[in-house]
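One file, data08.cif, is given below (mmCIF, C-alpha atoms).
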```
data_work
#
loop_
_atom_site.label_atom_id
_atom_site.label_comp_id
_atom_site.auth_asym_id
_atom_site.auth_seq_id
_atom_site.Cartn_x
_atom_site.Cartn_y
_atom_site.Cartn_z
CA MET A 9 34.58 -41.47 106.08
CA SER A 10 32.04 -44.25 106.40
CA GLY A 11 30.39 -43.96 109.79
CA ARG A 12 29.01 -47.50 109.56
CA GLN A 13 31.98 -49.30 108.09
CA VAL A 14 34.58 -47.81 110.46
CA LYS A 15 33.64 -46.51 113.90
CA LEU A 16 36.15 -44.38 115.81
CA GLN A 17 35.85 -42.31 118.96
CA GLN A 18 36.80 -38.74 118.18
CA ALA A 19 38.11 -35.94 120.38
CA GLU A 20 35.66 -34.41 122.84
CA LYS A 21 34.80 -30.77 122.26
CA GLY A 22 36.99 -28.49 124.35
CA SER A 23 39.63 -31.18 124.97
CA ILE A 24 43.38 -30.83 124.44
CA LEU A 25 45.47 -32.99 122.11
CA TYR A 26 49.19 -33.21 122.93
CA HIS A 27 51.91 -33.68 120.33
CA TYR A 28 55.15 -35.09 121.82
CA THR A 29 58.26 -34.21 119.87
CA LYS A 30 61.98 -33.56 120.11
CA SER A 31 63.47 -30.07 120.23
CA ASN A 32 64.01 -29.85 116.48
CA GLY A 33 60.43 -31.04 115.98
CA VAL A 34 58.88 -28.33 118.10
CA ASN A 35 61.12 -25.78 116.36
CA GLY A 36 59.92 -26.95 112.94
CA ILE A 37 56.26 -26.90 113.93
CA LEU A 38 56.43 -23.40 115.44
CA SER A 39 58.65 -21.98 112.69
CA HIS A 40 56.91 -23.49 109.67
CA ASN A 41 53.39 -24.45 110.89
CA CYS A 42 54.01 -27.90 109.47
CA PHE A 43 53.48 -31.45 110.78
CA TRP A 44 55.09 -34.60 109.43
CA ALA A 45 52.93 -37.71 108.98
CA THR A 46 54.85 -41.01 108.90
CA LYS A 47 54.08 -43.87 106.50
CA SER A 48 51.88 -46.29 108.43
CA ASP A 49 54.14 -49.35 108.13
CA PHE A 50 57.15 -47.42 109.48
CA LEU A 51 55.67 -46.60 112.90
CA ASN A 52 57.49 -47.26 116.17
CA ASP A 53 55.75 -50.48 117.22
CA PRO A 54 56.56 -53.21 114.64
CA ASN A 55 53.84 -55.51 116.03
CA GLU A 56 50.85 -53.20 115.97
CA PHE A 57 49.67 -54.24 112.51
CA SER A 58 49.99 -57.95 113.26
CA HIS A 59 48.06 -57.46 116.51
CA ILE A 60 44.75 -57.17 114.66
CA GLN A 61 45.20 -60.60 113.04
CA GLY A 62 44.71 -62.33 116.39
CA ILE A 63 41.55 -60.29 117.00
CA ILE A 64 40.15 -61.23 113.58
CA ASP A 65 40.91 -64.92 114.13
CA LYS A 66 38.98 -64.96 117.45
CA VAL A 67 35.95 -63.18 115.97
CA CYS A 68 35.85 -65.47 112.94
CA GLN A 69 36.07 -68.58 115.12
CA GLU A 70 33.07 -67.34 117.11
CA ASN A 71 30.91 -66.37 114.13
CA ILE A 72 31.85 -68.59 111.15
CA LYS A 73 30.82 -72.23 111.30
CA THR A 74 33.82 -74.17 109.99
CA PRO A 75 37.62 -73.70 109.88
CA GLU A 76 37.49 -74.20 106.11
CA LEU A 77 35.13 -71.22 105.63
CA ILE A 78 37.25 -69.09 107.97
CA GLU A 79 40.42 -69.88 106.01
CA MET A 80 38.66 -69.18 102.70
CA PHE A 81 37.27 -65.82 103.86
CA LEU A 82 40.56 -64.62 105.37
CA GLN A 83 42.57 -65.67 102.32
CA ASP A 84 40.18 -63.86 99.98
CA SER A 85 39.91 -60.73 102.15
CA ILE A 86 42.75 -59.62 104.43
CA TYR A 87 45.48 -61.72 102.77
CA ALA A 88 44.43 -61.09 99.16
CA GLU A 89 46.57 -58.92 96.89
CA ARG A 90 44.62 -56.11 95.23
CA ASP A 91 45.53 -54.17 92.11
CA LYS A 92 45.10 -50.84 93.92
CA LYS A 93 47.17 -50.79 97.08
CA ARG A 94 46.40 -47.85 99.32
CA GLU A 95 49.19 -46.08 101.19
CA TYR A 96 48.47 -44.31 104.47
CA PHE A 97 50.40 -41.79 106.55
CA VAL A 98 49.90 -41.27 110.28
CA LEU A 99 50.14 -38.14 112.46
CA SER A 100 50.06 -38.91 116.20
CA PHE A 101 48.84 -36.93 119.20
CA SER A 102 47.87 -38.01 122.72
CA LYS A 103 45.16 -37.20 125.23
CA CYS A 104 47.72 -37.63 128.02
CA ARG A 105 49.33 -34.39 129.19
CA ASP A 106 52.37 -35.87 130.94
CA SER A 107 53.21 -39.50 130.11
CA ILE A 108 56.61 -41.11 130.72
CA THR A 109 55.74 -43.64 128.00
CA MET A 110 55.17 -40.89 125.45
CA TRP A 111 58.23 -38.94 126.56
CA SER A 112 60.37 -42.03 126.09
CA GLU A 113 58.88 -42.97 122.72
CA PHE A 114 58.56 -39.66 120.93
CA ALA A 115 60.70 -37.10 122.73
CA ASN A 116 63.57 -39.21 124.10
CA LYS A 117 62.81 -37.65 127.50
CA THR A 118 64.45 -34.37 126.45
CA GLY A 119 61.86 -32.81 124.15
CA TYR A 120 58.55 -31.01 124.52
CA ASN A 121 54.89 -31.62 124.05
CA ILE A 122 52.58 -29.08 122.47
CA GLY A 123 49.00 -28.95 123.74
CA PHE A 124 46.52 -27.97 121.03
CA ARG A 125 42.83 -27.12 121.43
CA SER A 126 41.31 -30.17 119.74
CA ASP A 127 38.44 -28.50 117.87
CA ASP A 128 40.75 -25.86 116.40
CA ILE A 129 43.66 -28.11 115.45
CA ILE A 130 41.34 -30.64 113.77
CA ALA A 131 39.78 -27.82 111.75
CA ARG A 132 43.22 -26.48 110.77
CA ILE A 133 44.45 -29.91 109.68
CA GLU A 134 41.26 -30.41 107.64
CA GLU A 135 42.00 -27.11 105.87
CA ALA A 136 45.51 -28.32 105.00
CA ALA A 137 44.84 -31.88 103.86
CA GLU A 138 42.07 -34.39 103.39
CA ILE A 139 41.83 -36.47 106.56
CA ALA A 140 40.88 -40.05 105.69
CA TYR A 141 40.21 -40.99 109.34
CA HIS A 142 40.92 -39.63 112.78
CA GLY A 143 40.18 -40.83 116.30
CA LEU A 144 41.42 -42.49 119.46
CA VAL A 145 43.50 -45.64 119.24
CA VAL A 146 41.61 -48.65 120.68
CA TYR A 147 43.54 -50.67 123.29
CA ASN A 148 40.76 -52.74 124.89
CA THR A 149 40.64 -56.27 123.41
CA ARG A 150 36.91 -56.67 124.03
CA GLN A 151 36.18 -53.39 122.25
CA GLN A 152 38.40 -54.38 119.34
CA MET A 153 36.55 -57.68 118.96
CA GLN A 154 33.22 -55.91 119.16
CA LEU A 155 34.17 -53.55 116.31
CA ILE A 156 35.29 -56.45 114.09
CA ARG A 157 32.21 -58.48 115.02
CA LYS A 158 29.86 -55.62 114.12
CA ASN A 159 31.55 -55.27 110.75
CA ILE A 160 31.33 -58.96 109.87
CA CYS A 161 27.92 -59.70 111.40
CA ASN A 162 26.08 -56.42 110.83
CA TYR A 163 27.73 -54.08 108.34
CA LEU A 164 28.47 -56.60 105.57
CA PRO A 165 25.07 -58.42 105.72
CA ASN A 166 23.21 -55.08 105.82
CA LEU A 167 25.25 -53.71 102.91
CA LEU A 168 24.75 -56.81 100.75
CA ARG A 169 21.25 -57.57 102.10
CA ILE A 170 21.94 -61.23 102.77
CA PRO A 171 23.06 -63.07 105.95
CA LEU A 172 26.75 -63.75 106.59
CA ASP A 173 26.24 -67.52 106.20
CA ASP A 174 24.78 -66.94 102.72
CA ILE A 175 27.68 -64.65 101.73
CA LEU A 176 30.14 -67.38 102.70
CA ALA A 177 28.05 -70.06 100.99
CA LEU A 178 28.27 -68.09 97.74
CA GLY A 179 32.05 -67.96 98.10
CA ASN A 180 32.27 -71.66 98.94
CA LYS A 181 30.39 -72.44 95.75
CA ASN A 182 32.29 -69.94 93.58
CA ARG A 183 35.10 -67.83 95.04
CA GLU A 184 34.76 -65.38 92.13
CA ASP A 185 31.12 -64.68 92.98
CA GLU A 186 30.51 -60.91 92.74
CA THR A 187 28.65 -60.57 96.06
CA TYR A 188 31.22 -62.64 97.95
CA GLN A 189 34.12 -60.70 96.39
CA LYS A 190 32.48 -57.39 97.32
CA ALA A 191 32.23 -58.57 100.94
CA CYS A 192 35.91 -59.54 100.89
CA ARG A 193 37.00 -56.17 99.46
CA LYS A 194 34.92 -54.23 101.98
CA PHE A 195 36.26 -56.26 104.89
CA GLN A 196 39.85 -55.82 103.71
CA ARG A 197 39.42 -52.04 103.55
CA THR A 198 37.94 -51.98 107.04
CA ILE A 199 40.84 -54.02 108.42
CA GLU A 200 43.39 -51.74 106.74
CA VAL A 201 41.96 -48.88 108.77
CA TYR A 202 41.38 -50.67 112.07
CA ALA A 203 44.95 -52.04 111.89
CA MET A 204 46.13 -48.44 112.31
CA PHE A 205 43.86 -47.88 115.33
CA PHE A 206 44.16 -51.20 117.22
CA LYS A 207 47.09 -51.61 119.62
CA HIS A 208 47.95 -54.03 122.40
CA GLU A 209 46.48 -53.04 125.77
CA GLY A 210 50.01 -52.76 127.16
CA PHE A 211 50.28 -49.43 125.31
CA ALA A 212 47.05 -48.03 126.78
CA GLU A 213 48.85 -45.36 128.79
CA GLU A 214 49.73 -43.59 125.53
CA GLN A 215 46.07 -42.54 124.99
CA GLU A 216 47.07 -41.96 121.37
CA TYR A 217 44.94 -39.97 118.94
CA ARG A 218 45.71 -40.51 115.26
CA PHE A 219 45.10 -38.66 112.02
CA ILE A 220 45.29 -40.85 108.90
CA PHE A 221 45.98 -39.44 105.43
CA LYS A 222 45.67 -41.49 102.25
CA ARG A 223 48.34 -40.94 99.63
CA GLN A 224 46.92 -39.27 96.55
CA LYS A 225 48.40 -39.19 93.04
CA ASP A 226 49.91 -35.76 93.65
CA THR A 227 51.12 -36.46 97.20
CA MET A 228 54.83 -35.71 97.53
CA VAL A 229 56.57 -38.28 99.74
CA GLN A 230 59.76 -37.15 101.46
CA PHE A 231 62.41 -39.01 103.45
CA ARG A 232 64.47 -38.42 106.57
CA ALA A 233 67.20 -40.48 108.18
CA LYS A 234 66.34 -42.26 111.42
CA ASP A 235 68.29 -45.00 113.22
CA GLY A 236 70.21 -45.93 110.07
CA PHE A 237 67.29 -46.15 107.63
CA MET A 238 65.21 -43.79 105.51
CA LEU A 239 61.82 -42.93 106.98
CA PRO A 240 59.09 -41.89 104.48
CA TYR A 241 56.75 -39.07 105.48
CA ILE A 242 54.51 -36.38 104.03
CA GLU A 243 54.20 -32.77 105.11
CA ILE A 244 50.92 -31.37 106.46
CA PRO A 245 51.46 -27.61 106.00
CA LEU A 246 48.98 -25.45 107.93
CA THR A 247 48.17 -21.84 107.11
CA GLU A 248 50.55 -19.17 108.38
CA LYS A 249 48.33 -17.84 111.16
CA ASN A 250 49.32 -18.92 114.67
CA LEU A 251 48.47 -22.45 115.75
CA PRO A 252 45.81 -23.06 118.46
CA ILE A 253 48.37 -23.80 121.19
CA GLU A 254 47.12 -24.00 124.77
CA GLU A 255 50.43 -24.84 126.44
CA ILE A 256 53.87 -26.36 125.92
CA MET A 257 55.42 -28.78 128.41
CA VAL A 258 59.14 -29.41 128.92
CA ALA A 259 60.24 -33.07 129.11
CA PRO A 260 61.44 -34.63 132.43
CA GLN A 261 65.16 -34.72 131.54
CA ASN A 262 65.17 -31.20 130.18
CA HIS A 263 64.64 -29.31 133.45
CA ILE A 264 67.23 -26.62 132.98
CA ASP A 265 66.24 -23.00 133.19
CA LEU A 266 67.15 -22.39 129.56
CA ALA A 267 64.74 -25.08 128.30
CA LYS A 268 61.75 -23.27 129.79
CA SER A 269 62.92 -19.67 129.31
CA GLY A 270 64.08 -20.34 125.75
CA MET A 271 60.68 -21.76 124.82
CA GLU A 272 58.88 -18.85 126.51
CA TYR A 273 60.97 -16.38 124.53
CA MET A 274 60.37 -18.28 121.29
CA LEU A 275 56.59 -18.23 121.84
CA HIS A 276 56.70 -14.52 122.71
CA THR A 277 58.62 -13.60 119.54
CA LYS A 278 56.11 -15.54 117.42
CA GLY A 279 53.09 -13.88 119.03
CA TYR A 280 51.88 -16.77 121.21
CA LYS A 281 50.52 -16.37 124.75
CA ALA A 282 50.59 -20.04 125.71
CA ASN A 283 51.99 -21.20 129.05
CA VAL A 284 55.22 -23.18 129.29
CA SER A 285 55.35 -25.72 132.13
CA LEU A 286 57.68 -28.44 133.38
CA SER A 287 56.79 -32.12 133.44
CA ASN A 288 55.73 -33.34 136.87
CA ILE A 289 57.51 -36.67 136.37
CA LYS A 290 60.60 -37.09 138.55
CA LEU A 291 63.38 -39.24 137.14
CA ARG A 292 66.38 -40.73 138.96
CA TYR A 293 69.79 -40.71 137.33
#
```

Reformat the file's structure so that it appears as structure tokens.
Amino acid sequence: MSGRQVKLQQAEKGSILYHYTKSNGVNGILSHNCFWATKSDFLNDPNEFSHIQGIIDKVCQENIKTPELIEMFLQDSIYAERDKKREYFVLSFSKCRDSITMWSEFANKTGYNIGFRSDDIIARIEEAAEIAYHGLVVYNTRQQMQLIRKNICNYLPNLLRIPLDDILALGNKNREDETYQKACRKFQRTIEVYAMFFKHEGFAEEQEYRFIFKRQKDTMVQFRAKDGFMLPYIEIPLTEKNLPIEEIMVAPQNHIDLAKSGMEYMLHTKGYKANVSLSNIKLRY
């Protein structure tokens, strides 16, 4: 992970990361110690990858002199087809312990969320698979623009050791110029990653924390049916020892005695000592 090229805020030590899931999901995780990471372009919000385009446009208009140079740079970077197309898979958690937004999106209001000790679960996931990137999703527009601005105005010029204006001048003279093309490739890779971590501020309540895995040659992609289409995912199988679970919470619409007692019994039989609690959200029917 390039600390300069991509900057992400990671989980604080001692914090809890919550994984919202349906009943069959929590059963699979506890029974098989396995997470499923979804292919990045099949995530729930169809607009989240187009959101970053508006951010890029604003930053370029502020920092590149003419519309012609902006169009040239964007065409040769984020819109350019590359021979090697990278595929990414996303595993989502949240910093929010009890969110109606997350219950609705991931657990259909009748599931559970599993609270994991962040330091321990990150270490366990790193044991199981190579994490390409992980960190908090960025919802603040100003912060998103700042990250893109730093990449264009600081990272690329420092990497190539020439000012941004000179990089663009090289491309304007010859779009196949090696230095200019390197800048375009680097920027495209950065945007690929930030596109998975930038979301509209309307989703800020999710407080989402994402793990990104890059598909390797030997990565086995699997499929499951969802809403009438096939959803590609990869398995992240953790070692057999018990997971670092702090607590499990029962969703708002699942407040029957059996939901809590059944989960408590399941944890007990598998050797866990984590608490099981009910969501504090009250819903009207």

Mind running stretch 212-293 of chain A against stretch 191-205 of chain A at 10 Å and telling me each contacting residue's nearest atom pair with the distance in Å (one decimal), counting only C-alpha atoms, chain and number ascending, as CSV?
```
residue,atom,partner,partner_atom,distance
A:Glu216,CA,A:Phe205,CA,9.0
A:Tyr217,CA,A:Phe205,CA,8.8
A:Arg218,CA,A:Phe205,CA,7.6
A:Phe219,CA,A:Met204,CA,9.8
A:Ile220,CA,A:Met204,CA,8.4
```

- request: I would like the residues chosen by the PyMOL selection byres ((chain A and resi 267-282) around 7) on the shown file; could you give them as a list in words?
  value: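 Evaluating the PyMOL selection byres ((chain A and resi 267-282) around 7) on these coordinates yields Ile253, Glu254, Glu255, Val258, Asn262, His263, Ile264, Asp265, Leu266, Asn283 and Val284 of chain A.
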
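The spacing separating atom CA of A:Tyr96 from atom CA of A:Asp128 amounts to 23.3 Å.
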
- prompt: For the atom pair atom CA of A:Lys225 and atom CA of A:Trp44, what is the interatomic distance in Å to one decimal place?
  reply: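 Taking atom CA of A:Lys225 and atom CA of A:Trp44, their separation equals 18.3 Å.
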
task: For each of A:Arg90, A:Lys117, A:His59, A:Lys222, take the minimum atom-to-atom distance to A:Ala140, counting only C-alpha atoms, then give the residue where this is smallest.
output: A:Lys222

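Take the candidates A:Met238, A:Met110, A:Leu164, A:Leu25 and check each one against A:Asp127 using only C-alpha atoms; the shortest distance goes to A:Leu25.
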
- request: Return as a ChimeraX atom specification the set of residues that the PyMOL selection byres ((chain A and resi 80-83) around 10) yields on the displayed structure.
  value: /A:61,64-65,68,72,75-79,84-89,175-176,179-180,183,188-189,191-192,195-196

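For the residues A:Tyr120, A:Tyr141, A:Tyr28, A:Tyr147, ranking by smallest atom-to-atom distance to A:Ser285 using only C-alpha atoms places A:Tyr120 first.
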
Counting only C-alpha atoms, the residue of A:Ser23, A:Gln224, A:Asn41, A:Gln17 that sits nearest A:Asn250: A:Asn41

Nearby residues, (60.4, -38.9, 107.9) file frame, 12 Å, only C-alpha atoms, as JSON, numbers by chain: {"A": [33, 43, 44, 45, 46, 47, 48, 50, 51, 97, 98, 99, 229, 230, 231, 232, 233, 234, 235, 237, 238, 239, 240, 241, 242, 243]}

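Here atom CA of A:Ile63 stands at a distance of 7.9 Å from atom CA of A:Ile156.
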
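Excluding A:Ile139 and any residue on its chain fewer than 3 positions from it, the residues at most 10 Å away by all atoms listed in the file are Met9, Ile130, Ile133, Glu134, Glu135, Ala136, His142, Phe219, Ile220, Phe221 and Lys222 of chain A.
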
- request: Evaluate the PyMOL selection byres ((chain A and resi 107) around 10) and record the selected residues as a PyMOL selection string, following the chain and residue labels used in the document.
  value: chain A and resi 28+102-106+108-113+213-215+259-260+287-289

Saved selection, atoms kept: C-alpha atoms, as a tab-separated table (two decimals), in the coordinates of the input:
```tsv
chain	number	residue	atom	x	y	z
A	28	TYR	CA	55.15	-35.09	121.82
A	102	SER	CA	47.87	-38.01	122.72
A	103	LYS	CA	45.16	-37.20	125.23
A	104	CYS	CA	47.72	-37.63	128.02
A	105	ARG	CA	49.33	-34.39	129.19
A	106	ASP	CA	52.37	-35.87	130.94
A	108	ILE	CA	56.61	-41.11	130.72
A	109	THR	CA	55.74	-43.64	128.00
A	110	MET	CA	55.17	-40.89	125.45
A	111	TRP	CA	58.23	-38.94	126.56
A	112	SER	CA	60.37	-42.03	126.09
A	113	GLU	CA	58.88	-42.97	122.72
A	213	GLU	CA	48.85	-45.36	128.79
A	214	GLU	CA	49.73	-43.59	125.53
A	215	GLN	CA	46.07	-42.54	124.99
A	259	ALA	CA	60.24	-33.07	129.11
A	260	PRO	CA	61.44	-34.63	132.43
A	287	SER	CA	56.79	-32.12	133.44
A	288	ASN	CA	55.73	-33.34	136.87
A	289	ILE	CA	57.51	-36.67	136.37
```

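Remark: for A:Gly143, the closest of the candidate residues A:Asn166, A:Thr247, A:Asn116, A:Ser126 is A:Ser126 (distances computed over all atoms listed in the file).
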
message: Which residue is closest to A:Asn159? Choose from A:Leu251, A:Ile37, A:Val67, A:Met228 and count all atoms listed in the file.
response: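 Distance minimum relative to A:Asn159 lands on A:Val67.
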
message: Given the point (42.2, -48.1, 121.3) in the coordinates of this file, which residues lie within 7 Å, counting only C-alpha atoms, and how would they look as a list in words?
response: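 Those residues, ordered by chain and then number, are Leu144, Val145, Val146, Tyr147, Asn148, Phe205, Phe206 and Lys207 of chain A.
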